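*Asks:* My structure is in upload.cif, and what it holds is mmCIF, C-alpha atoms:
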data_structure
loop_
_atom_site.group_PDB
_atom_site.id
_atom_site.type_symbol
_atom_site.label_atom_id
_atom_site.label_comp_id
_atom_site.auth_asym_id
_atom_site.auth_seq_id
_atom_site.Cartn_x
_atom_site.Cartn_y
_atom_site.Cartn_z
ATOM 1 C CA GLU A 1 -6.127 -110.151 125.982
ATOM 2 C CA GLN A 2 -4.784 -109.701 129.516
ATOM 3 C CA THR A 3 -5.231 -112.404 132.104
ATOM 4 C CA LYS A 4 -6.795 -111.632 135.487
ATOM 5 C CA GLY A 5 -3.342 -111.705 137.113
ATOM 6 C CA GLN A 6 -1.915 -109.255 134.567
ATOM 7 C CA ARG A 7 -4.824 -106.837 135.126
ATOM 8 C CA GLY A 8 -4.206 -107.043 138.871
ATOM 9 C CA ASP A 9 -0.500 -106.331 138.404
ATOM 10 C CA ASN A 10 -1.274 -103.284 136.255
ATOM 11 C CA HIS A 11 -3.738 -102.014 138.894
ATOM 12 C CA ASN A 12 -1.186 -102.371 141.689
ATOM 13 C CA GLN A 13 1.491 -100.677 139.579
ATOM 14 C CA GLN A 14 -0.859 -97.750 138.973
ATOM 15 C CA TYR A 15 -1.214 -97.195 142.718
ATOM 16 C CA ASN A 16 2.507 -97.769 143.258
ATOM 17 C CA ASN A 17 3.105 -94.757 141.021
ATOM 18 C CA THR A 18 0.336 -92.457 142.288
ATOM 19 C CA THR A 19 -0.632 -93.295 145.850
ATOM 20 C CA LEU A 20 1.693 -90.812 147.579
ATOM 21 C CA ILE A 21 0.734 -87.925 145.339
ATOM 22 C CA HIS A 22 -2.174 -87.284 147.725
ATOM 23 C CA ILE A 23 -0.008 -86.964 150.858
ATOM 24 C CA THR A 24 -0.297 -83.558 152.500
ATOM 25 C CA ASN A 25 0.534 -82.130 155.896
ATOM 26 C CA ASN A 26 -3.101 -81.706 156.956
ATOM 27 C CA ASN A 27 -4.144 -85.374 156.788
ATOM 28 C CA ASN A 28 -6.208 -84.941 153.596
ATOM 29 C CA ILE A 29 -6.016 -88.514 152.304
ATOM 30 C CA ASP A 30 -7.665 -89.251 148.999
ATOM 31 C CA PRO A 31 -10.687 -91.508 149.692
ATOM 32 C CA THR A 32 -10.181 -93.441 146.445
ATOM 33 C CA THR A 33 -6.865 -94.854 147.685
ATOM 34 C CA PRO A 34 -7.026 -98.627 148.386
ATOM 35 C CA ARG A 35 -7.260 -99.513 152.075
ATOM 36 C CA SER A 36 -3.736 -100.989 152.276
ATOM 37 C CA TYR A 37 -2.184 -97.795 150.924
ATOM 38 C CA PHE A 38 -4.533 -95.614 152.968
ATOM 39 C CA THR A 39 -2.982 -97.063 156.131
ATOM 40 C CA TRP A 40 0.557 -96.598 154.803
ATOM 41 C CA GLU A 41 -0.164 -92.951 153.989
ATOM 42 C CA GLN A 42 -1.560 -92.324 157.455
ATOM 43 C CA ARG A 43 1.521 -93.799 159.089
ATOM 44 C CA TYR A 44 3.796 -91.840 156.773
ATOM 45 C CA GLN A 45 2.076 -88.620 157.795
ATOM 46 C CA GLN A 46 2.563 -89.542 161.452
ATOM 47 C CA LEU A 47 6.222 -90.207 160.705
ATOM 48 C CA GLN A 48 6.489 -86.784 159.082
ATOM 49 C CA ASP A 49 5.089 -85.217 162.258
ATOM 50 C CA PHE A 50 7.531 -87.210 164.402
ATOM 51 C CA HIS A 51 10.417 -86.096 162.177
ATOM 52 C CA GLU A 52 9.391 -82.451 162.485
ATOM 53 C CA SER A 53 9.245 -82.743 166.286
ATOM 54 C CA HIS A 54 12.383 -84.844 166.909
ATOM 55 C CA GLY A 55 14.613 -84.217 163.882
ATOM 56 C CA HIS A 56 14.868 -87.913 162.952
ATOM 57 C CA THR A 57 12.746 -90.969 162.089
ATOM 58 C CA ARG A 58 14.154 -93.451 164.612
ATOM 59 C CA VAL A 59 10.827 -94.037 166.326
ATOM 60 C CA PRO A 60 11.201 -96.444 169.295
ATOM 61 C CA SER A 61 9.409 -99.761 168.859
ATOM 62 C CA SER A 62 7.631 -98.979 172.138
ATOM 63 C CA HIS A 63 6.143 -95.833 170.575
ATOM 64 C CA GLY A 64 2.724 -97.349 169.903
ATOM 65 C CA SER A 65 1.478 -98.255 166.441
ATOM 66 C CA LEU A 66 3.881 -95.856 164.731
ATOM 67 C CA GLY A 67 6.873 -97.577 166.323
ATOM 68 C CA SER A 68 5.589 -100.959 165.163
ATOM 69 C CA TRP A 69 5.029 -99.582 161.668
ATOM 70 C CA VAL A 70 8.595 -98.243 161.470
ATOM 71 C CA VAL A 71 9.952 -101.660 162.478
ATOM 72 C CA ARG A 72 7.774 -103.228 159.781
ATOM 73 C CA GLN A 73 9.152 -100.862 157.129
ATOM 74 C CA ARG A 74 12.696 -101.951 157.978
ATOM 75 C CA GLN A 75 11.670 -105.592 157.698
ATOM 76 C CA LEU A 76 10.017 -105.023 154.320
ATOM 77 C CA HIS A 77 13.064 -103.173 153.033
ATOM 78 C CA ASN A 78 15.473 -105.868 154.205
ATOM 79 C CA LYS A 79 13.350 -108.538 152.507
ATOM 80 C CA GLY A 80 13.168 -106.552 149.263
ATOM 81 C CA LYS A 81 9.383 -106.195 149.559
ATOM 82 C CA MET A 82 9.156 -102.408 149.800
ATOM 83 C CA THR A 83 7.890 -100.638 146.701
ATOM 84 C CA PRO A 84 10.244 -98.127 145.028
ATOM 85 C CA ILE A 85 7.876 -95.227 145.644
ATOM 86 C CA GLN A 86 7.574 -96.037 149.353
ATOM 87 C CA LYS A 87 11.353 -96.170 149.659
ATOM 88 C CA ARG A 88 11.688 -92.896 147.783
ATOM 89 C CA TRP A 89 9.348 -91.122 150.198
ATOM 90 C CA LEU A 90 10.987 -92.628 153.263
ATOM 91 C CA ASP A 91 14.398 -91.614 151.916
ATOM 92 C CA ARG A 92 13.182 -88.013 151.834
ATOM 93 C CA LEU A 93 12.932 -88.149 155.636
ATOM 94 C CA GLY A 94 16.358 -89.753 156.047
ATOM 95 C CA PHE A 95 14.776 -93.042 157.120
ATOM 96 C CA VAL A 96 17.212 -95.461 158.826
ATOM 97 C CA TYR A 97 16.735 -98.958 157.420
ATOM 98 C CA ASN A 98 19.511 -100.645 159.428
ATOM 99 C CA ILE A 99 19.432 -99.339 162.984
ATOM 100 C CA ARG A 100 22.456 -101.372 164.088
ATOM 101 C CA GLU A 101 24.586 -99.942 161.308
ATOM 102 C CA TRP A 102 23.399 -96.457 162.180
ATOM 103 C CA VAL A 103 24.312 -96.918 165.867
ATOM 104 C CA TRP A 104 27.748 -98.274 164.916
ATOM 105 C CA MET A 105 28.476 -95.278 162.723
ATOM 106 C CA GLU A 106 27.304 -92.900 165.462
ATOM 107 C CA ARG A 107 29.809 -94.466 167.863
ATOM 108 C CA TYR A 108 32.516 -94.355 165.204
ATOM 109 C CA VAL A 109 31.998 -90.622 164.674
ATOM 110 C CA ALA A 110 32.170 -90.129 168.458
ATOM 111 C CA LEU A 111 35.466 -92.035 168.467
ATOM 112 C CA GLU A 112 36.800 -89.791 165.699
ATOM 113 C CA GLU A 113 35.995 -86.763 167.841
ATOM 114 C CA TYR A 114 37.590 -88.405 170.897
ATOM 115 C CA LYS A 115 40.820 -88.985 168.976
ATOM 116 C CA LEU A 116 40.904 -85.371 167.814
ATOM 117 C CA GLN A 117 40.717 -84.269 171.450
ATOM 118 C CA HIS A 118 43.013 -86.884 173.057
ATOM 119 C CA GLY A 119 45.311 -88.070 170.262
ATOM 120 C CA HIS A 120 44.372 -91.749 170.620
ATOM 121 C CA THR A 121 41.395 -94.134 170.587
ATOM 122 C CA ASN A 122 42.000 -95.904 173.904
ATOM 123 C CA VAL A 123 38.773 -94.786 175.514
ATOM 124 C CA PRO A 124 38.611 -96.105 179.107
ATOM 125 C CA LEU A 125 35.564 -98.028 180.271
ATOM 126 C CA THR A 126 34.918 -95.205 182.731
ATOM 127 C CA GLU A 127 33.939 -93.035 179.733
ATOM 128 C CA GLY A 128 30.552 -94.751 179.639
ATOM 129 C CA VAL A 129 28.878 -95.764 176.373
ATOM 130 C CA LEU A 130 31.843 -94.927 174.131
ATOM 131 C CA GLY A 131 34.307 -96.761 176.379
ATOM 132 C CA GLU A 132 32.081 -99.835 176.432
ATOM 133 C CA TRP A 133 31.714 -99.686 172.649
ATOM 134 C CA VAL A 134 35.501 -99.533 172.137
ATOM 135 C CA TYR A 135 35.955 -102.503 174.451
ATOM 136 C CA TYR A 136 33.281 -104.426 172.529
ATOM 137 C CA GLN A 137 35.066 -103.743 169.213
ATOM 138 C CA ARG A 138 38.228 -105.367 170.616
ATOM 139 C CA VAL A 139 36.240 -108.396 171.774
ATOM 140 C CA GLN A 140 34.621 -108.722 168.351
ATOM 141 C CA TYR A 141 37.974 -108.313 166.622
ATOM 142 C CA SER A 142 39.320 -111.243 168.624
ATOM 143 C CA HIS A 143 36.542 -113.378 167.110
ATOM 144 C CA TYR A 144 36.971 -111.812 163.668
ATOM 145 C CA SER A 145 40.728 -112.470 163.521
ATOM 146 C CA LYS A 146 40.143 -116.136 164.387
ATOM 147 C CA GLY A 147 37.488 -116.620 161.734
ATOM 148 C CA ARG A 148 34.657 -116.849 164.244
ATOM 149 C CA ALA A 149 31.239 -115.197 164.082
ATOM 150 C CA SER A 150 31.687 -111.486 164.710
ATOM 151 C CA ARG A 151 29.816 -108.212 164.413
ATOM 152 C CA LEU A 152 32.894 -106.711 162.790
ATOM 153 C CA THR A 153 33.023 -106.641 159.002
ATOM 154 C CA HIS A 154 35.947 -105.928 156.662
ATOM 155 C CA LYS A 155 34.528 -102.442 156.167
ATOM 156 C CA ARG A 156 34.326 -101.745 159.903
ATOM 157 C CA VAL A 157 37.836 -103.021 160.536
ATOM 158 C CA ALA A 158 39.155 -100.801 157.733
ATOM 159 C CA LEU A 159 37.344 -97.766 159.152
ATOM 160 C CA LEU A 160 38.732 -98.322 162.647
ATOM 161 C CA GLU A 161 42.240 -98.824 161.313
ATOM 162 C CA THR A 162 42.096 -95.393 159.649
ATOM 163 C CA LEU A 163 42.019 -94.109 163.252
ATOM 164 C CA SER A 164 45.046 -96.272 164.197
ATOM 165 C CA PHE A 165 42.720 -98.233 166.452
ATOM 166 C CA ASP A 166 44.559 -100.290 169.089
ATOM 167 C CA TRP A 167 43.139 -103.809 168.844
ATOM 168 C CA ASP A 168 45.269 -105.121 171.733
ATOM 169 C CA ARG A 169 44.435 -102.947 174.708
ATOM 170 C CA GLY A 170 46.388 -105.280 177.012
ATOM 171 C CA ARG A 171 49.624 -104.456 175.199
ATOM 172 C CA THR A 172 48.823 -100.756 175.281
ATOM 173 C CA ARG A 173 47.988 -100.914 178.977
ATOM 174 C CA GLN A 174 51.383 -102.507 179.693
ATOM 175 C CA ILE A 175 53.125 -99.741 177.759
ATOM 176 C CA GLU A 176 51.201 -97.133 179.734
ATOM 177 C CA GLN A 177 52.134 -98.826 183.008
ATOM 178 C CA ASP A 178 55.819 -98.891 181.988
ATOM 179 C CA LEU A 179 55.724 -95.203 181.114
ATOM 180 C CA ALA A 180 54.022 -94.382 184.406
ATOM 181 C CA TRP A 181 56.704 -96.365 186.293
ATOM 182 C CA HIS A 182 59.508 -94.464 184.555
ATOM 183 C CA ARG A 183 57.814 -91.124 185.279
ATOM 184 C CA LYS A 184 57.631 -92.017 188.961
ATOM 185 C CA LEU A 185 61.300 -93.089 188.877
ATOM 186 C CA GLN A 186 62.288 -89.717 187.451
ATOM 187 C CA THR A 187 60.260 -88.006 190.164
ATOM 188 C CA LEU A 188 62.081 -90.062 192.813
ATOM 189 C CA ARG A 189 65.468 -89.147 191.364
ATOM 190 C CA ARG A 190 64.596 -85.455 191.463
ATOM 191 C CA PHE A 191 63.470 -85.861 195.079
ATOM 192 C CA HIS A 192 66.824 -87.518 195.951
ATOM 193 C CA GLN A 193 68.793 -84.770 194.262
ATOM 194 C CA ARG A 194 66.852 -82.162 196.207
ATOM 195 C CA GLU A 195 66.627 -83.886 199.634
ATOM 196 C CA GLY A 196 69.651 -86.187 199.594
ATOM 197 C CA HIS A 197 67.671 -89.290 200.568
ATOM 198 C CA PHE A 198 64.870 -91.609 199.355
ATOM 199 C CA ARG A 199 62.659 -91.381 202.422
ATOM 200 C CA VAL A 200 59.651 -89.931 200.654
ATOM 201 C CA PRO A 201 57.007 -88.915 203.202
#
Go ahead and render the structure in this file as structure tokens.

*Replies:*
Amino acid sequence: EQTKGQRGDNHNQQYNNTTLIHITNNNNIDPTTPRSYFTWEQRYQQLQDFHESHGHTRVPSSHGSLGSWVVRQRQLHNKGKMTPIQKRWLDRLGFVYNIREWVWMERYVALEEYKLQHGHTNVPLTEGVLGEWVYYQRVQYSHYSKGRASRLTHKRVALLETLSFDWDRGRTRQIEQDLAWHRKLQTLRRFHQREGHFRVP
């Protein structure tokens, strides 16, 4: 004979397996669904609508109750408290569970594109968000290489090194300054050969 707790577990499992079967695009939610799942289904339908309008599920936390719900889903997932069926349905929308990791990869892809265009990854700070991100990676690498707390992981370091990322921008800047000095020297020599003096106007 089952205990009360076992019967409750079986009941919850039944809804874990069936609750999302009733989800449709016209808000027809089965009235027999328990209240806790009824709310989840409503929010999921709102997330579907947001995805159709914006092409992603990264709802800002300031976006009312839906934004708060999305934040809650990430928290549940990170704590291992999300049910498999809920995760499966969120995965269908390309749900982002770790927003920081997603942002990092977005910047990394932008850096890949920058290198294809310029031949290097030394994005200047004047390039805005990408330049600031590159600078921040160097700062974090300084902590990482000294065994201090850092946002950089072994995986991130390995990814950046596939792009021949320059961790020491100061050294690179000195090289660039030396090259610029030699270019100017060559220009001065050509001026002297042409004019016969060094009195550059």

*Asks:* If we count only C-alpha atoms and set the cut-off at 12 Å, which residues sit around stretch 141-146 of chain A, ignoring sequence neighbours fewer than 4 positions away in its own chain? Please answer as a PDB file with C-alpha atoms, keeping the file's coordinate frame.

*Replies:*
ATOM      1  CA  VAL A 134      35.501 -99.533 172.137  1.00  0.00           C
ATOM      2  CA  TYR A 135      35.955-102.503 174.451  1.00  0.00           C
ATOM      3  CA  TYR A 136      33.281-104.426 172.529  1.00  0.00           C
ATOM      4  CA  GLN A 137      35.066-103.743 169.213  1.00  0.00           C
ATOM      5  CA  SER A 150      31.687-111.486 164.710  1.00  0.00           C
ATOM      6  CA  ARG A 151      29.816-108.212 164.413  1.00  0.00           C
ATOM      7  CA  LEU A 152      32.894-106.711 162.790  1.00  0.00           C
ATOM      8  CA  THR A 153      33.023-106.641 159.002  1.00  0.00           C
ATOM      9  CA  HIS A 154      35.947-105.928 156.662  1.00  0.00           C
ATOM     10  CA  ARG A 156      34.326-101.745 159.903  1.00  0.00           C
ATOM     11  CA  VAL A 157      37.836-103.021 160.536  1.00  0.00           C
ATOM     12  CA  ALA A 158      39.155-100.801 157.733  1.00  0.00           C
ATOM     13  CA  LEU A 160      38.732 -98.322 162.647  1.00  0.00           C
ATOM     14  CA  GLU A 161      42.240 -98.824 161.313  1.00  0.00           C
ATOM     15  CA  PHE A 165      42.720 -98.233 166.452  1.00  0.00           C
ATOM     16  CA  ASP A 166      44.559-100.290 169.089  1.00  0.00           C
ATOM     17  CA  TRP A 167      43.139-103.809 168.844  1.00  0.00           C
ATOM     18  CA  ASP A 168      45.269-105.121 171.733  1.00  0.00           C
ATOM     19  CA  ARG A 169      44.435-102.947 174.708  1.00  0.00           C
TER      20      ARG A 169
END

*Asks:* Which of these residues is nearest to A:His63, using all atoms listed in the file: A:Leu111, A:Ile85, A:Leu76, A:Leu47?

*Replies:*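 For A:His63, the nearest of the candidates is A:Leu47.
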
*Asks:* Can you translate the PyMOL selection byres ((chain A and resi 96) around 10) into the concrete residues it hits in this file, as a ChimeraX atom specification?

*Replies:* /A:56-59,70,73-74,90-91,93-95,97-102

*Asks:* One decimal, in Å: what's the spacing between atom CA of A:Trp133 and atom CA of A:Met105?

*Replies:* 11.3 Å

*Asks:* To one decimal place in Å, what is the distance between atom CA of A:Arg92 and atom CA of A:Gln48?

*Replies:*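 Atom CA of A:Arg92 sits 9.9 Å away from atom CA of A:Gln48.
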
*Asks:* Which distance in Å separates atom CA of A:Glu106 and atom CA of A:Ala149, to one decimal?

*Replies:*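 We find that atom CA of A:Glu106 and atom CA of A:Ala149 lie 22.7 Å from each other.
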
*Asks:* For A:Leu66, which residue out of A:Arg148, A:Arg43, A:His120, A:Arg199 is the nearest one, using all atoms listed in the file?

*Replies:*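 Among the listed residues, A:Arg43 lies closest to A:Leu66.
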